[in-house]
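Report on one structure; see the data block that follows.
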Amino acid sequence: MNENLFASFATPTMMGLPIVILIIMFPSILFPSPNRLINNRLISIQQWLVQLTSKQMMAIHNSKGQTWTLMLMSLILFIGSTNLLGLLPYSFTPTTQLSMNLGMAIPLWAGTVFMGFRHKTKAALAHFLPQGTPIFLIPMLVIIETISLFIQPVALAVRLTANITAGHLLMHLIGGATLALMSISPSTALITFIILILLTILEFAVAMIQAYVFTLLVSLYLHDNT
Amino acid sequence: MASVVCVFSSSFSVPLKEKKLMEVKLGELPSWILMRDFTPKGIAGAFQRGYYRYYNKYINVKKGSVAGISMVLAAYVLFNYCRSYKELKHERRRKYH
């Protein structure tokens, strides 16, 4: 049971060909581009959602930060759709791979930091020292703030990976337990099945929330640095 | 691929290369397949045609329903099942795997 618990997280290859690229690109098919003023229902729904999200998320930024709108909107669409597609049976979720999440988190975080250092150097450096600290605490606090700055991209990536992976693993385990209990005691299997349903609802929420949190934090780092 | 539709044709024979699949006779099928365009550009064109055929039939309509996108998702599930059949084979409830 241990081997096939983790088999769904292996990089998908078909006859030796890495088709993981195809699987990463699959959500783009589900978002057709709008051609007309009034589009079909699928595009209209997606347009409405993107406008709702972008207004809420980019409202706090100044005009310099709002140049990042396209990047952040495509980020939340990508993470949200990839996580939701991973809830389908037998599918592979690219966001369970730490490599991909690090590849998303580090460039975005580094972009905000470098932008902050380039445009507002004094203010960016001032972030390392909160106001009103006693003088003899300054060296230690600067070290702590530096560490907390460098941990931001790692935390972004690991948060997403761990949440999605843990959710998928839990569903595998509880599903397997339900099946095994069915022959022993159907009432316990029923309870376990209800737990599975609740967990699936949670996973749907988590899929979208994680996308939101990732994007929100990147935008927060951006806000600090513009 | 241009399909020649001869309604009032002086000559009743359409070249084999330009026939649609349903009009090809069974004996001509192998030569028809071999005459298709297998260059990368041709394959990309085939994918593009297939995509727009599905899109314009089920999604780009005035009252598209959930069936259009759920057929795509069902095909995705099936594709992933076929991809991981080798590992899933061992999880069946059989006496001898």
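So you can find residues: chains in the structure tokens are A, B, ... in the order shown, residues in each start at 1, and ligands are numbered from 1 in order.
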
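Here is the contact set of chain A against chain B, at 6 Å and counting only C-alpha atoms: Asn40, Tyr90 and Ser91 of chain A.
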
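Residue neighbourhood of Leu16 in chain B, excluding near-sequence residues (fewer than 6 positions): Glu23, Val24, Lys25, Glu28, Leu29, Ser31, Trp32 and Met35 of chain B, at 10 Å, using only C-alpha atoms.
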
Item to complete: Would you mind listing what lies within 9 Å of range 42-59 of chain A as a ChimeraX atom specification, with only C-alpha atoms counted and same-chain residues fewer than 3 positions away left out?
Response: /A:30-34,38-39,62,65-66,68-70,72-73,77,215-216,219 /B:59-60,64-66,69

Worksheet item: Hey, what's within 8 Å of Leu98 in chain A if we count only C-alpha atoms and toss same-chain stuff fewer than 4 positions away? As a PyMOL selection string, please?
Response: chain A and resi 102+157-158+161

Discussion item. When DSSP is applied to the backbone of this structure, which of range 16-165 of chain A are assigned helix (DSSP H, G or I)? Write them out as a ChimeraX atom specification.
Written reply: /A:20-30,41-58,65-85,94-96,98-119,121-126,135-165

Keeping only C-alpha atoms, write the selected residues as a short mmCIF file (atom, residue, chain, number, x, y, z; two decimals), in the first residue's frame.
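Resulting contents of again.cif:
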```cif
data_model
loop_
_atom_site.label_atom_id
_atom_site.label_comp_id
_atom_site.auth_asym_id
_atom_site.auth_seq_id
_atom_site.Cartn_x
_atom_site.Cartn_y
_atom_site.Cartn_z
CA VAL A 20 4.26 16.38 -17.63
CA ILE A 21 4.62 19.40 -19.90
CA LEU A 22 1.33 18.49 -21.60
CA ILE A 23 -0.36 18.12 -18.24
CA ILE A 24 0.91 21.51 -17.07
CA MET A 25 -0.34 23.11 -20.26
CA PHE A 26 -3.74 21.42 -20.14
CA PRO A 27 -5.57 24.09 -18.04
CA SER A 28 -4.87 26.65 -20.75
CA ILE A 29 -7.33 24.88 -23.03
CA LEU A 30 -10.08 25.54 -20.52
CA ARG A 41 -21.12 31.58 -21.55
CA LEU A 42 -17.82 30.02 -20.62
CA ILE A 43 -15.80 33.10 -21.50
CA SER A 44 -18.35 35.43 -19.91
CA ILE A 45 -18.19 33.59 -16.61
CA GLN A 46 -14.40 33.61 -16.67
CA GLN A 47 -14.28 37.30 -17.57
CA TRP A 48 -16.63 38.17 -14.72
CA LEU A 49 -14.55 36.18 -12.23
CA VAL A 50 -11.28 37.70 -13.38
CA GLN A 51 -12.68 41.22 -13.16
CA LEU A 52 -14.05 40.57 -9.69
CA THR A 53 -10.74 39.16 -8.46
CA SER A 54 -8.53 41.76 -10.08
CA LYS A 55 -10.53 44.67 -8.72
CA GLN A 56 -10.35 43.27 -5.22
CA MET A 57 -6.71 42.33 -5.34
CA MET A 58 -5.17 45.29 -7.09
CA GLY A 65 2.18 48.13 -8.40
CA GLN A 66 -0.78 47.83 -10.72
CA THR A 67 1.52 47.04 -13.61
CA TRP A 68 1.76 43.60 -11.99
CA THR A 69 -1.95 42.93 -12.53
CA LEU A 70 -1.48 40.61 -15.49
CA MET A 71 1.16 38.60 -13.69
CA LEU A 72 -0.87 38.16 -10.52
CA MET A 73 -4.12 37.36 -12.30
CA SER A 74 -2.53 34.72 -14.47
CA LEU A 75 -0.84 33.34 -11.36
CA ILE A 76 -4.08 32.92 -9.45
CA LEU A 77 -5.81 31.44 -12.50
CA PHE A 78 -3.01 28.95 -13.03
CA ILE A 79 -2.71 27.79 -9.43
CA GLY A 80 -6.48 27.68 -8.94
CA SER A 81 -7.18 25.71 -12.09
CA THR A 82 -4.27 23.32 -11.56
CA ASN A 83 -5.34 22.59 -7.99
CA LEU A 84 -8.98 22.09 -8.95
CA LEU A 85 -8.07 19.79 -11.85
CA PRO A 94 1.83 19.76 -10.86
CA THR A 95 1.62 21.95 -7.78
CA THR A 96 2.45 18.99 -5.57
CA LEU A 98 8.21 21.40 -4.82
CA SER A 99 10.34 22.13 -7.86
CA MET A 100 7.52 23.83 -9.64
CA ASN A 101 6.37 25.84 -6.65
CA LEU A 102 9.90 27.03 -5.95
CA GLY A 103 10.15 27.98 -9.60
CA MET A 104 7.07 30.13 -9.18
CA ALA A 105 7.84 31.57 -5.77
CA ILE A 106 11.50 32.54 -6.01
CA PRO A 107 11.36 34.68 -9.18
CA LEU A 108 8.23 36.50 -8.07
CA TRP A 109 9.53 37.23 -4.60
CA ALA A 110 12.95 38.21 -5.95
CA GLY A 111 11.24 40.51 -8.45
CA THR A 112 9.43 42.39 -5.72
CA VAL A 113 12.54 42.65 -3.54
CA PHE A 114 14.78 43.88 -6.31
CA MET A 115 12.15 46.34 -7.42
CA GLY A 116 11.97 47.68 -3.89
CA PHE A 117 15.71 48.01 -3.59
CA ARG A 118 16.02 49.70 -6.92
CA HIS A 119 13.30 52.32 -6.58
CA THR A 121 16.39 51.86 -1.51
CA LYS A 122 16.16 53.63 1.82
CA ALA A 123 12.64 52.44 2.55
CA ALA A 124 13.47 48.88 1.49
CA LEU A 125 16.45 48.81 3.82
CA ALA A 126 14.38 50.35 6.57
CA ILE A 135 19.06 50.27 20.86
CA PHE A 136 20.80 47.27 22.28
CA LEU A 137 18.43 44.92 20.41
CA ILE A 138 19.25 46.36 16.97
CA PRO A 139 21.93 43.91 15.74
CA MET A 140 19.91 40.85 16.70
CA LEU A 141 16.74 42.24 15.19
CA VAL A 142 18.43 43.04 11.90
CA ILE A 143 19.63 39.46 11.70
CA ILE A 144 16.16 38.15 12.49
CA GLU A 145 14.51 40.39 9.91
CA THR A 146 17.01 39.30 7.27
CA ILE A 147 16.29 35.68 7.98
CA SER A 148 12.56 36.30 7.82
CA LEU A 149 13.01 38.05 4.49
CA PHE A 150 14.92 35.17 2.97
CA ILE A 151 12.48 32.63 4.27
CA GLN A 152 9.56 34.25 2.40
CA PRO A 153 10.00 32.45 -0.96
CA VAL A 154 10.69 29.11 0.71
CA ALA A 155 7.58 29.53 2.85
CA LEU A 156 5.48 30.41 -0.19
CA ALA A 157 6.56 27.32 -2.08
CA VAL A 158 6.49 24.88 0.80
CA ARG A 159 3.08 26.11 1.99
CA LEU A 160 1.50 25.38 -1.37
CA THR A 161 3.23 22.04 -1.81
CA ALA A 162 2.49 20.80 1.68
CA ASN A 163 -1.17 21.80 1.67
CA ILE A 164 -2.02 20.22 -1.65
CA THR A 165 0.07 17.11 -1.10
#
```

Fill in: Ala205 in chain A surroundings by only C-alpha atoms, 12 Å radius, close-in-sequence under 2 positions cut, as a ChimeraX atom specification
/A:80,83-84,87,163-164,167,198-203,207-213

Write a file of the just-selected residues containing C-alpha atoms, as a short mmCIF file (atom, residue, chain, number, x, y, z; two decimals), in the first residue's frame.
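The resulting file, result-v3.cif, is shown below:
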```cif
data_model
loop_
_atom_site.label_atom_id
_atom_site.label_comp_id
_atom_site.auth_asym_id
_atom_site.auth_seq_id
_atom_site.Cartn_x
_atom_site.Cartn_y
_atom_site.Cartn_z
CA GLY A 80 -6.48 27.68 -8.94
CA ASN A 83 -5.34 22.59 -7.99
CA LEU A 84 -8.98 22.09 -8.95
CA LEU A 87 -9.15 16.82 -7.56
CA ASN A 163 -1.17 21.80 1.67
CA ILE A 164 -2.02 20.22 -1.65
CA GLY A 167 -4.86 16.91 1.17
CA LEU A 198 -16.37 16.39 4.09
CA LEU A 199 -12.71 16.16 3.23
CA THR A 200 -13.47 16.48 -0.46
CA ILE A 201 -15.44 19.65 0.19
CA LEU A 202 -12.50 20.92 2.20
CA GLU A 203 -10.14 20.07 -0.61
CA ALA A 207 -7.50 24.37 -3.78
CA MET A 208 -8.91 27.81 -4.32
CA ILE A 209 -7.73 29.27 -1.07
CA GLN A 210 -4.15 28.26 -1.66
CA ALA A 211 -4.16 29.97 -5.01
CA TYR A 212 -5.56 33.06 -3.37
CA VAL A 213 -3.07 33.02 -0.53
#
```
